[in-house]
file input13.csv (CSV, C-alpha atoms)
chain,number,residue,atom,x,y,z
B,1,MET,CA,0.0,0.0,0.0
B,2,SER,CA,1.5,3.4,-1.0
B,3,LEU,CA,1.4,6.6,1.0
B,4,LYS,CA,-1.4,7.8,-1.3
B,5,ALA,CA,-3.6,4.8,-0.4
B,6,PHE,CA,-2.8,5.0,3.3
B,7,HIS,CA,-3.6,8.8,3.3
B,8,VAL,CA,-7.0,8.0,1.8
B,9,VAL,CA,-7.6,5.5,4.7
B,10,PHE,CA,-6.4,8.1,7.2
B,11,ILE,CA,-8.7,10.8,5.8
B,12,ALA,CA,-11.6,8.3,5.9
B,13,ALA,CA,-10.8,7.5,9.5
B,14,SER,CA,-10.6,11.2,10.3
B,15,VAL,CA,-14.0,11.8,8.7
B,16,LEU,CA,-15.5,9.0,10.8
B,17,LEU,CA,-13.8,10.5,13.9
B,18,MET,CA,-15.2,14.0,13.2
B,19,THR,CA,-18.7,12.6,12.5
B,20,GLY,CA,-18.6,10.7,15.8
B,21,PHE,CA,-17.2,13.8,17.5
B,22,SER,CA,-20.1,15.8,16.1
B,23,ALA,CA,-22.6,13.2,17.4
B,24,TRP,CA,-20.9,13.2,20.8
B,25,GLY,CA,-21.3,17.0,21.0
B,26,GLY,CA,-24.9,16.8,19.9
B,27,ALA,CA,-25.8,14.1,22.5
B,28,ARG,CA,-24.1,16.1,25.2
B,29,TRP,CA,-25.9,19.3,24.1
B,30,ARG,CA,-29.3,17.5,24.2
B,31,ALA,CA,-28.4,16.3,27.7
B,32,THR,CA,-27.0,19.5,29.2
B,33,GLY,CA,-28.2,22.3,27.0
B,34,ASP,CA,-24.7,23.8,27.2
B,35,VAL,CA,-23.9,26.0,24.1
B,36,VAL,CA,-20.2,24.8,24.2
B,37,ASP,CA,-21.4,21.2,23.4
B,38,LEU,CA,-23.5,22.6,20.5
B,39,GLY,CA,-20.2,24.3,19.3
B,40,TRP,CA,-18.4,20.9,19.4
B,41,CYS,CA,-21.3,19.4,17.4
B,42,LEU,CA,-21.1,22.1,14.7
B,43,LEU,CA,-17.2,22.1,14.7
B,44,GLY,CA,-17.1,18.3,14.3
B,45,GLY,CA,-19.7,18.4,11.4
B,46,MET,CA,-17.8,21.2,9.6
B,47,ALA,CA,-14.5,19.4,10.0
B,48,ALA,CA,-16.0,16.2,8.6
B,49,VAL,CA,-17.4,18.0,5.6
B,50,GLY,CA,-14.0,19.9,5.1
B,51,LEU,CA,-12.1,16.6,5.2
B,52,VAL,CA,-14.4,15.0,2.6
B,53,VAL,CA,-13.8,18.0,0.3
B,54,TYR,CA,-10.1,17.8,0.9
B,55,GLY,CA,-10.2,14.0,0.2
B,56,ARG,CA,-11.8,14.6,-3.2
B,57,TYR,CA,-9.2,17.3,-4.0
B,58,PHE,CA,-6.4,15.0,-3.0
B,59,LEU,CA,-7.6,12.2,-5.2
B,60,LYS,CA,-8.0,14.5,-8.1
B,61,LYS,CA,-4.5,16.1,-7.6
B,62,LEU,CA,-2.7,12.8,-7.2
B,63,LYS,CA,-4.6,10.7,-9.7
B,64,HIS,CA,-1.4,9.9,-11.7
B,65,ILE,CA,0.3,8.3,-8.6
B,66,SER,CA,-0.2,4.5,-8.0
B,67,TYR,CA,-2.1,3.1,-5.0
B,68,LEU,CA,0.5,0.2,-4.6
X,1,MET,CA,27.5,-6.3,-4.7
X,2,GLU,CA,24.5,-4.1,-5.4
X,3,ILE,CA,21.4,-4.6,-3.4
X,4,PRO,CA,18.4,-5.0,-5.8
X,5,TYR,CA,15.1,-3.1,-5.5
X,6,THR,CA,16.3,-0.2,-3.2
X,7,ASP,CA,14.9,2.4,-5.6
X,8,LYS,CA,13.0,0.5,-8.3
X,9,ALA,CA,10.0,-1.7,-7.3
X,10,ARG,CA,10.3,-5.4,-7.8
X,11,PRO,CA,8.2,-6.2,-11.0
X,12,ASP,CA,6.2,-9.1,-9.6
X,13,THR,CA,5.2,-7.5,-6.3
X,14,GLY,CA,5.3,-3.8,-7.3
X,15,LEU,CA,7.2,-3.1,-4.0
X,16,TYR,CA,10.7,-1.8,-3.2
X,17,ASN,CA,12.6,-3.2,-0.2
X,18,ALA,CA,11.9,-0.4,2.3
X,19,LYS,CA,8.2,-0.5,1.7
X,20,VAL,CA,8.0,-4.2,2.6
X,21,GLY,CA,10.2,-3.4,5.7
X,22,ILE,CA,8.1,-0.5,6.9
X,23,TRP,CA,4.8,-2.5,6.6
X,24,LEU,CA,6.3,-5.4,8.6
X,25,PHE,CA,7.4,-2.9,11.2
X,26,LEU,CA,4.0,-1.3,11.3
X,27,ALA,CA,2.4,-4.7,11.7
X,28,SER,CA,4.4,-5.2,14.9
X,29,GLU,CA,3.4,-1.7,16.0
X,30,ILE,CA,-0.3,-2.5,15.5
X,31,MET,CA,0.2,-5.5,17.8
X,32,LEU,CA,1.9,-3.3,20.4
X,33,PHE,CA,-0.8,-0.6,20.4
X,34,GLY,CA,-3.6,-3.2,20.0
X,35,ALA,CA,-2.5,-4.8,23.2
X,36,LEU,CA,-2.5,-1.5,25.1
X,37,PHE,CA,-5.9,-0.5,23.7
X,38,SER,CA,-7.3,-3.9,24.8
X,39,SER,CA,-5.8,-3.3,28.2
X,40,TYR,CA,-7.5,0.1,28.4
X,41,ILE,CA,-10.9,-1.4,27.5
X,42,MET,CA,-10.5,-4.4,29.9
X,43,LEU,CA,-9.5,-2.1,32.8
X,44,ARG,CA,-12.4,0.2,32.0
X,45,VAL,CA,-15.1,-2.4,31.8
X,46,GLY,CA,-13.7,-4.1,34.9
X,47,ALA,CA,-13.8,-0.9,37.0
X,48,ALA,CA,-16.2,-0.6,39.9
X,49,ALA,CA,-19.6,1.1,39.3
X,50,GLY,CA,-20.1,4.6,40.6
X,51,VAL,CA,-18.5,8.0,40.4
X,52,TRP,CA,-14.8,8.7,41.0
X,53,PRO,CA,-13.4,9.9,43.4
X,54,ALA,CA,-16.4,9.1,45.7
X,55,VAL,CA,-15.9,5.5,44.7
X,56,LYS,CA,-12.2,4.8,44.9
X,57,LEU,CA,-12.1,2.0,42.2
X,58,ALA,CA,-14.6,3.6,39.8
X,59,TRP,CA,-13.4,4.9,36.4
X,60,PRO,CA,-12.7,8.6,36.3
X,61,HIS,CA,-14.7,10.4,33.6
X,62,HIS,CA,-14.1,13.8,31.9
X,63,LEU,CA,-10.7,14.4,33.5
X,64,LEU,CA,-9.0,15.2,30.2
X,65,ASN,CA,-9.2,18.6,28.5
X,66,VAL,CA,-11.3,18.1,25.4
X,67,PRO,CA,-10.5,21.5,23.8
X,68,ILE,CA,-6.8,20.8,24.0
X,69,GLY,CA,-7.2,17.2,22.8
X,70,THR,CA,-9.3,18.4,19.8
X,71,PHE,CA,-6.7,21.0,19.0
X,72,ASN,CA,-3.9,18.4,19.1
X,73,THR,CA,-6.1,16.2,16.8
X,74,ALA,CA,-6.3,19.0,14.3
X,75,VAL,CA,-2.5,19.5,14.6
X,76,LEU,CA,-1.8,15.9,13.7
X,77,ILE,CA,-4.3,15.7,10.9
X,78,THR,CA,-2.6,18.8,9.4
X,79,SER,CA,0.8,17.2,9.7
X,80,SER,CA,-0.5,14.1,7.8
X,81,VAL,CA,-1.7,16.4,5.0
X,82,THR,CA,1.6,18.2,4.8
X,83,VAL,CA,3.8,15.1,4.9
X,84,VAL,CA,1.8,13.6,1.9
X,85,MET,CA,2.1,17.0,0.1
X,86,ALA,CA,5.9,16.9,0.7
X,87,TRP,CA,6.1,13.5,-0.9
X,88,ALA,CA,3.9,14.5,-3.8
X,89,SER,CA,6.1,17.6,-4.3
X,90,LEU,CA,9.1,15.3,-4.8
X,91,LYS,CA,7.1,13.2,-7.3
X,92,MET,CA,6.6,16.5,-9.2
X,93,ASN,CA,10.3,17.4,-8.9
X,94,ASN,CA,9.7,20.4,-6.7
X,95,PHE,CA,12.3,20.2,-3.9
X,96,ARG,CA,11.5,23.7,-2.4
X,97,ARG,CA,7.9,22.8,-1.9
X,98,PHE,CA,9.0,19.5,-0.4
X,99,ARG,CA,11.1,21.2,2.2
X,100,MET,CA,8.4,23.8,3.0
X,101,PHE,CA,5.9,21.0,3.7
X,102,MET,CA,8.3,19.0,5.7
X,103,VAL,CA,9.2,22.0,7.9
X,104,ILE,CA,5.5,22.5,8.6
X,105,THR,CA,5.1,18.8,9.5
X,106,ILE,CA,8.0,19.0,11.9
X,107,LEU,CA,6.6,22.1,13.5
X,108,CYS,CA,3.3,20.4,13.9
X,109,ALA,CA,5.0,17.4,15.6
X,110,PHE,CA,6.7,19.7,18.2
X,111,ALA,CA,3.6,21.7,18.7
X,112,PHE,CA,1.8,18.4,19.5
X,113,LEU,CA,4.5,17.5,22.0
X,114,GLY,CA,4.5,20.9,23.6
X,115,ILE,CA,0.7,20.8,24.1
X,116,LYS,CA,0.9,17.3,25.4
X,117,SER,CA,3.5,18.4,28.0
X,118,TYR,CA,1.1,21.1,29.1
X,119,GLU,CA,-1.6,18.5,29.6
X,120,TYR,CA,0.8,16.3,31.6
X,121,ASN,CA,1.6,19.4,33.8
X,122,GLU,CA,-2.1,19.7,34.5
X,123,LYS,CA,-2.3,16.1,35.6
X,124,PHE,CA,0.9,16.1,37.7
X,125,THR,CA,-0.2,19.2,39.6
X,126,HIS,CA,-3.7,17.9,40.2
X,127,TYR,CA,-4.5,15.9,43.4
X,128,GLU,CA,-6.9,13.4,44.8
X,129,LEU,CA,-7.6,13.9,48.5
X,130,ARG,CA,-9.5,11.5,50.8
X,131,LEU,CA,-10.3,12.4,54.4
X,132,LYS,CA,-10.7,10.0,57.3
X,133,ASP,CA,-14.4,11.0,57.6
X,134,GLY,CA,-15.0,9.5,54.1
X,135,LYS,CA,-15.1,12.7,52.1
X,136,ALA,CA,-13.2,12.5,48.7
X,137,MET,CA,-12.4,15.3,46.4
X,138,THR,CA,-9.9,16.5,43.7
X,139,GLY,CA,-8.2,19.8,43.3
X,140,HIS,CA,-4.9,21.7,43.7
X,141,LEU,CA,-2.5,21.5,46.6
X,142,GLU,CA,-0.4,24.1,48.4
X,143,VAL,CA,2.2,23.0,50.8
X,144,ASN,CA,4.3,25.5,52.8
X,145,GLY,CA,3.0,28.3,50.6
X,146,LYS,CA,4.2,26.5,47.4
X,147,HIS,CA,2.2,24.9,44.6
X,148,PRO,CA,3.8,21.6,43.4
X,149,GLY,CA,5.2,21.8,39.9
X,150,PHE,CA,5.5,19.3,37.0
X,151,TRP,CA,9.2,19.8,36.3
X,152,SER,CA,10.4,19.1,39.8
X,153,PRO,CA,9.6,15.5,40.9
X,154,SER,CA,10.6,16.4,44.5
X,155,ASP,CA,7.4,18.6,44.5
X,156,LEU,CA,5.2,15.5,44.3
X,157,TRP,CA,3.4,15.0,47.6
X,158,ASN,CA,1.6,12.1,49.2
X,159,LEU,CA,0.6,11.3,52.8
X,160,PRO,CA,3.8,9.5,53.9
X,161,ARG,CA,5.9,12.3,52.6
X,162,LEU,CA,3.7,15.0,54.3
X,163,THR,CA,4.1,13.0,57.6
X,164,SER,CA,7.8,12.5,57.3
X,165,SER,CA,8.3,16.2,56.4
X,166,ASN,CA,6.5,17.2,59.6
X,167,VAL,CA,3.9,19.2,57.6
X,168,THR,CA,0.9,19.7,59.9
X,169,GLU,CA,-1.6,21.3,57.4
X,170,VAL,CA,-2.0,22.0,53.7
X,171,LYS,CA,-4.2,24.2,51.6
X,172,PHE,CA,-6.5,22.5,49.1
X,173,VAL,CA,-8.5,24.2,46.3
X,174,ALA,CA,-11.2,21.7,45.6
X,175,ASP,CA,-12.7,21.2,42.1
X,176,PRO,CA,-16.4,21.9,41.7
X,177,MET,CA,-18.3,18.7,42.4
X,178,GLU,CA,-20.0,18.5,38.9
X,179,GLY,CA,-16.6,17.9,37.2
X,180,HIS,CA,-13.3,19.3,36.3
X,181,GLY,CA,-12.9,22.6,34.4
X,182,GLY,CA,-16.4,23.7,35.2
X,183,HIS,CA,-17.3,27.3,35.8
X,184,ALA,CA,-18.5,26.9,39.4
X,185,ASN,CA,-16.5,28.3,42.2
X,186,HIS,CA,-13.5,26.4,43.5
X,187,GLU,CA,-13.7,25.9,47.3
X,188,GLU,CA,-10.4,26.7,49.1
X,189,MET,CA,-9.9,25.0,52.5
X,190,THR,CA,-7.2,24.2,55.0
X,191,VAL,CA,-6.8,20.5,55.8
X,192,LYS,CA,-5.0,19.1,58.8
X,193,VAL,CA,-2.6,16.3,57.8
X,194,ASP,CA,-3.8,13.9,60.5
X,195,GLU,CA,-7.4,14.1,59.0
X,196,ILE,CA,-6.1,12.9,55.6
X,197,SER,CA,-6.4,9.2,54.7
X,198,HIS,CA,-5.0,9.4,51.1
X,199,LEU,CA,-3.3,12.1,49.1
X,200,ASP,CA,-1.7,11.6,45.7
X,201,ALA,CA,-1.4,13.5,42.4
X,202,PHE,CA,-2.9,12.3,39.1
X,203,ILE,CA,0.1,10.1,38.4
X,204,PRO,CA,0.4,6.5,37.2
X,205,ARG,CA,0.6,5.0,40.7
X,206,ASN,CA,-2.6,6.6,41.9
X,207,HIS,CA,-5.2,4.9,39.7
X,208,THR,CA,-5.2,2.3,36.8
X,209,PHE,CA,-6.8,5.0,34.6
X,210,PHE,CA,-3.7,7.2,35.0
X,211,ALA,CA,-1.4,4.2,34.6
X,212,ILE,CA,-2.9,3.2,31.3
X,213,TYR,CA,-3.4,6.8,30.1
X,214,PHE,CA,0.2,7.8,30.7
X,215,THR,CA,1.5,4.5,29.2
X,216,ILE,CA,-0.4,4.8,26.0
X,217,THR,CA,0.0,8.6,25.5
X,218,ALA,CA,3.7,8.6,26.5
X,219,LEU,CA,4.4,5.7,24.1
X,220,HIS,CA,2.5,7.6,21.4
X,221,GLY,CA,4.5,10.8,22.2
X,222,LEU,CA,7.8,8.9,21.9
X,223,HIS,CA,6.6,7.7,18.4
X,224,VAL,CA,5.8,11.3,17.5
X,225,LEU,CA,9.3,12.5,18.7
X,226,GLY,CA,11.1,9.6,16.9
X,227,GLY,CA,9.1,10.3,13.7
X,228,ALA,CA,9.8,14.0,13.8
X,229,LEU,CA,13.5,13.4,14.3
X,230,VAL,CA,13.7,11.1,11.3
X,231,LEU,CA,11.7,13.5,9.1
X,232,ALA,CA,13.9,16.4,10.3
X,233,TYR,CA,17.0,14.3,9.2
X,234,PHE,CA,15.4,13.8,5.7
X,235,THR,CA,14.6,17.5,5.4
X,236,PHE,CA,18.1,18.8,6.3
X,237,PRO,CA,21.2,16.7,6.6
X,238,GLY,CA,19.9,13.7,4.7
X,239,ALA,CA,18.4,15.8,1.8
X,240,GLY,CA,21.7,15.5,-0.2
X,241,MET,CA,20.5,12.2,-1.6
X,242,TRP,CA,18.0,14.1,-3.7
X,243,LYS,CA,20.9,15.2,-5.9
X,244,THR,CA,22.6,11.7,-6.1
X,245,ASN,CA,19.6,9.3,-6.1
X,246,PRO,CA,16.3,11.2,-6.3
X,247,GLU,CA,14.2,8.0,-6.7
X,248,GLN,CA,15.5,6.4,-3.5
X,249,PHE,CA,15.2,9.7,-1.7
X,250,THR,CA,11.5,9.9,-2.7
X,251,ASN,CA,11.0,6.3,-1.5
X,252,ARG,CA,12.6,7.2,1.9
X,253,ILE,CA,10.1,10.1,2.3
X,254,GLU,CA,7.2,7.8,1.4
X,255,VAL,CA,8.4,5.3,4.1
X,256,GLY,CA,8.7,8.1,6.6
X,257,GLY,CA,5.3,9.3,5.6
X,258,LEU,CA,3.8,5.8,6.1
X,259,PHE,CA,5.2,5.7,9.7
X,260,TRP,CA,3.9,9.2,10.3
X,261,HIS,CA,0.4,8.3,9.1
X,262,PHE,CA,0.4,5.3,11.4
X,263,VAL,CA,1.4,7.4,14.4
X,264,ASP,CA,-1.4,9.9,13.5
X,265,LEU,CA,-3.9,7.0,13.0
X,266,VAL,CA,-3.2,5.7,16.5
X,267,TRP,CA,-4.1,9.2,17.8
X,268,ILE,CA,-7.4,9.1,15.7
X,269,PHE,CA,-8.3,6.0,17.7
X,270,LEU,CA,-6.9,7.2,21.0
X,271,PHE,CA,-8.6,10.6,21.1
X,272,PRO,CA,-12.3,9.4,21.2
X,273,VAL,CA,-11.5,6.4,23.5
X,274,VAL,CA,-9.6,8.4,26.1
X,275,TYR,CA,-11.0,11.9,25.9
X,276,LEU,CA,-14.7,11.5,24.8
X,277,LEU,CA,-16.1,8.1,26.0

call {"tool": "encode", "arguments": {"input": "input13.csv", "output": "structure tokens"}}
result
Amino acid sequence: MSLKAFHVVFIAASVLLMTGFSAWGGARWRATGDVVDLGWCLLGGMAAVGLVVYGRYFLKKLKHISYL
Amino acid sequence: MEIPYTDKARPDTGLYNAKVGIWLFLASEIMLFGALFSSYIMLRVGAAAGVWPAVKLAWPHHLLNVPIGTFNTAVLITSSVTVVMAWASLKMNNFRRFRMFMVITILCAFAFLGIKSYEYNEKFTHYELRLKDGKAMTGHLEVNGKHPGFWSPSDLWNLPRLTSSNVTEVKFVADPMEGHGGHANHEEMTVKVDEISHLDAFIPRNHTFFAIYFTITALHGLHVLGGALVLAYFTFPGAGMWKTNPEQFTNRIEVGGLFWHFVDLVWIFLFPVVYLL
């Protein structure tokens, strides 16, 4: 597996982490009503979307490099 | 005798030697960190029910600083992006961009370690106090007018040391009961040493949570430090190979980048398990 392929795996894992982080913030916000937890929820969601956009850009930019 | 496949990939496998080597090494690393993650989970599910510190053997929750942990996660994700961009720059024959991205990666590594040291300082200067009447609390300690510090191990206090140092009373600033880092007022009190049944900082010997937390995060921190030193070598003194054998140099950066991604991936698992759950 090349660095390119491992980077795609890493970004996918990061997207999952940020999605989970957003859900964690949302669950805490529902439980406590604390605006800081709502902030974590939004931040996690935005980071997940940002990482998906970056992942697409990365695949487009490095399409000539092998996955092996 | 020339060693084959140091720069060109072997035709039947599509791999050069160093790539096989790094993946074998990473497989052993997965086993190492896998064992530690398993230990963390086993210790956690085996902990007593209840709320720590009221229940001594319960699992402490929400002790770690989520904003700092989140920032460190962002720092490591950024460093993974820059290390792969450095490698891609070499593939495009752009050495200046390679060096710029590598410098950013190394700065991110040292920023991560600096922030982690700050977090360790928070833990090493935070205390668990139990009184003989059954009360238990956490907070910050003041002995003889001085707050214990992280960088001086002789500042670490516990009950036997207080007794042997003939300290009769200490000041204790207790955390709000609803958790650490809350906005409620911290209660300051003077406690007589002969009323104390247990006193220790948030250090490995105090609780299995701290033991496994410091073991995993310190091992991860050592990997970050080792990786940063290797990447710094490739960026500065080892960069001469770019002129003599650019293909092998690019392979070296790829192998370094694979290790760096592994270290960052460990943190991607570590952050939610230790900080959030």

call {"tool": "residues_around", "arguments": {"input": "input13.csv", "residues": "Phe6 of chain B", "least_positions_apart": "3", "cutoff": "9 Å", "atoms": "only C-alpha atoms", "output": "VMD selection string"}}
result
(chain B and resid 1 to 3 9 to 11 67) or (chain X and resid 258 261 to 262)

call {"tool": "write_last_selection", "arguments": {"input": "input13.csv", "atoms": "C-alpha atoms", "output": "short mmCIF file (atom, residue, chain, number, x, y, z; two decimals), in the coordinates of the input"}}
result
data_model
loop_
_atom_site.label_atom_id
_atom_site.label_comp_id
_atom_site.auth_asym_id
_atom_site.auth_seq_id
_atom_site.Cartn_x
_atom_site.Cartn_y
_atom_site.Cartn_z
CA MET B 1 0.00 0.00 0.00
CA SER B 2 1.50 3.40 -1.00
CA LEU B 3 1.40 6.60 1.00
CA VAL B 9 -7.60 5.50 4.70
CA PHE B 10 -6.40 8.10 7.20
CA ILE B 11 -8.70 10.80 5.80
CA TYR B 67 -2.10 3.10 -5.00
CA LEU X 258 3.80 5.80 6.10
CA HIS X 261 0.40 8.30 9.10
CA PHE X 262 0.40 5.30 11.40
#

call {"tool": "interface_residues", "arguments": {"input": "input13.csv", "of": "chain X", "to": "chain B", "cutoff": "9 Å", "atoms": "all atoms listed in the file", "output": "number ranges by chain"}}
result
X: 14-15, 19, 23, 77, 80-81, 84, 87-88, 91, 254-255, 257-258, 261-262, 264-265, 268-269, 271-272, 276-277

call {"tool": "residues_around", "arguments": {"input": "input13.csv", "residues": "Phe214 of chain X", "least_positions_apart": "3", "cutoff": "12 Å", "atoms": "all atoms listed in the file", "output": "list in words"}}
result
Leu36, Tyr40, Leu64, Lys116, Ser117, Glu119, Tyr120, Lys123, Phe124, Phe202, Ile203, Pro204, Arg205, Asn206, His207, Thr208, Phe209, Phe210, Ala211, Thr217, Ala218, Leu219, His220, Gly221, Leu222 and Val274 of chain X

call {"tool": "closest_residue", "arguments": {"input": "input13.csv", "among": "X:Thr73, X:Thr13, X:Ser89, X:Asn158", "to": "Ser197 of chain X", "atoms": "all atoms listed in the file"}}
result
X:Asn158

call {"tool": "closest_residue", "arguments": {"input": "input13.csv", "among": "B:Ala12, B:Ala48, B:Lys60, B:Cys41", "to": "Gly26 of chain B", "atoms": "all atoms listed in the file"}}
result
B:Cys41

call {"tool": "residues_around", "arguments": {"input": "input13.csv", "residues": "Glu128 of chain X", "least_positions_apart": "2", "cutoff": "7 Å", "atoms": "all atoms listed in the file", "output": "MDAnalysis selection string"}}
result
chainID X and resid 130 137:139 199:201

call {"tool": "closest_residue", "arguments": {"input": "input13.csv", "among": "X:Tyr118, X:Phe71, X:Phe249, X:Val55", "to": "Leu231 of chain X", "atoms": "all atoms listed in the file"}}
result
X:Phe249

call {"tool": "closest_residue", "arguments": {"input": "input13.csv", "among": "X:Leu159, X:Leu141, X:Ala54, X:Ala47", "to": "Glu188 of chain X", "atoms": "all atoms listed in the file"}}
result
X:Leu141

call {"tool": "closest_residue", "arguments": {"input": "input13.csv", "among": "X:Pro67, X:Leu270, X:Tyr5, X:Trp242", "to": "Ile212 of chain X", "atoms": "all atoms listed in the file"}}
result
X:Leu270

call {"tool": "atom_distance", "arguments": {"input": "input13.csv", "atom1": "atom CA of Val8 of chain B", "atom2": "atom CA of Glu29 of chain X"}}
result
20.1 Å

call {"tool": "closest_residue", "arguments": {"input": "input13.csv", "among": "X:Asn245, X:Thr105, X:Thr70, X:Thr125", "to": "Ala86 of chain X", "atoms": "only C-alpha atoms"}}
result
X:Thr105

call {"tool": "atom_distance", "arguments": {"input": "input13.csv", "atom1": "atom CA of Pro176 of chain X", "atom2": "atom CA of Tyr127 of chain X"}}
result
13.4 Å

call {"tool": "decode", "arguments": {"input": "input13.csv", "residues": "segment 1-8 of chain B", "atoms": "all heavy atoms", "output": "mmCIF file, in the first residue's frame"}}
result
data_model
loop_
_atom_site.group_PDB
_atom_site.id
_atom_site.type_symbol
_atom_site.label_atom_id
_atom_site.label_comp_id
_atom_site.auth_asym_id
_atom_site.auth_seq_id
_atom_site.Cartn_x
_atom_site.Cartn_y
_atom_site.Cartn_z
ATOM 1 N N MET B 1 0.855 -1.200 0.000
ATOM 2 C CA MET B 1 0.000 0.000 0.000
ATOM 3 C C MET B 1 0.883 1.239 0.000
ATOM 4 O O MET B 1 1.781 1.349 0.823
ATOM 5 C CB MET B 1 -0.907 -0.007 1.242
ATOM 6 C CG MET B 1 -1.940 1.098 1.239
ATOM 7 S SD MET B 1 -2.775 1.288 2.846
ATOM 8 C CE MET B 1 -3.979 -0.018 2.779
ATOM 9 N N SER B 2 0.634 2.152 -0.919
ATOM 10 C CA SER B 2 1.462 3.366 -1.015
ATOM 11 C C SER B 2 0.992 4.410 0.007
ATOM 12 O O SER B 2 -0.055 4.259 0.633
ATOM 13 C CB SER B 2 1.371 3.951 -2.419
ATOM 14 O OG SER B 2 0.101 4.548 -2.581
ATOM 15 N N LEU B 3 1.789 5.478 0.106
ATOM 16 C CA LEU B 3 1.415 6.574 0.999
ATOM 17 C C LEU B 3 0.087 7.192 0.552
ATOM 18 O O LEU B 3 -0.722 7.610 1.388
ATOM 19 C CB LEU B 3 2.538 7.616 1.012
ATOM 20 C CG LEU B 3 2.338 8.812 1.930
ATOM 21 C CD1 LEU B 3 2.094 8.392 3.370
ATOM 22 C CD2 LEU B 3 3.565 9.729 1.877
ATOM 23 N N LYS B 4 -0.128 7.214 -0.762
ATOM 24 C CA LYS B 4 -1.386 7.772 -1.276
ATOM 25 C C LYS B 4 -2.591 6.972 -0.739
ATOM 26 O O LYS B 4 -3.556 7.552 -0.217
ATOM 27 C CB LYS B 4 -1.373 7.725 -2.809
ATOM 28 C CG LYS B 4 -2.649 8.205 -3.455
ATOM 29 C CD LYS B 4 -2.602 7.994 -4.947
ATOM 30 C CE LYS B 4 -3.924 8.291 -5.593
ATOM 31 N NZ LYS B 4 -3.898 8.066 -7.048
ATOM 32 N N ALA B 5 -2.507 5.641 -0.850
ATOM 33 C CA ALA B 5 -3.616 4.796 -0.380
ATOM 34 C C ALA B 5 -3.794 4.931 1.133
ATOM 35 O O ALA B 5 -4.928 5.032 1.638
ATOM 36 C CB ALA B 5 -3.353 3.344 -0.751
ATOM 37 N N PHE B 6 -2.674 4.946 1.869
ATOM 38 C CA PHE B 6 -2.754 5.047 3.332
ATOM 39 C C PHE B 6 -3.329 6.408 3.733
ATOM 40 O O PHE B 6 -4.066 6.509 4.730
ATOM 41 C CB PHE B 6 -1.364 4.835 3.937
ATOM 42 C CG PHE B 6 -1.379 4.457 5.406
ATOM 43 C CD1 PHE B 6 -2.514 3.951 6.030
ATOM 44 C CD2 PHE B 6 -0.234 4.581 6.173
ATOM 45 C CE1 PHE B 6 -2.513 3.599 7.381
ATOM 46 C CE2 PHE B 6 -0.216 4.238 7.521
ATOM 47 C CZ PHE B 6 -1.361 3.751 8.117
ATOM 48 N N HIS B 7 -3.014 7.433 2.945
ATOM 49 C CA HIS B 7 -3.555 8.762 3.251
ATOM 50 C C HIS B 7 -5.081 8.768 3.075
ATOM 51 O O HIS B 7 -5.795 9.381 3.870
ATOM 52 C CB HIS B 7 -2.900 9.813 2.358
ATOM 53 C CG HIS B 7 -3.213 11.222 2.750
ATOM 54 N ND1 HIS B 7 -2.823 11.765 3.950
ATOM 55 C CD2 HIS B 7 -3.904 12.205 2.101
ATOM 56 C CE1 HIS B 7 -3.247 13.022 4.028
ATOM 57 N NE2 HIS B 7 -3.910 13.308 2.922
ATOM 58 N N VAL B 8 -5.548 8.072 2.037
ATOM 59 C CA VAL B 8 -7.001 7.989 1.822
ATOM 60 C C VAL B 8 -7.663 7.279 3.004
ATOM 61 O O VAL B 8 -8.695 7.733 3.523
ATOM 62 C CB VAL B 8 -7.305 7.260 0.482
ATOM 63 C CG1 VAL B 8 -8.801 6.991 0.340
ATOM 64 C CG2 VAL B 8 -6.804 8.086 -0.696
#
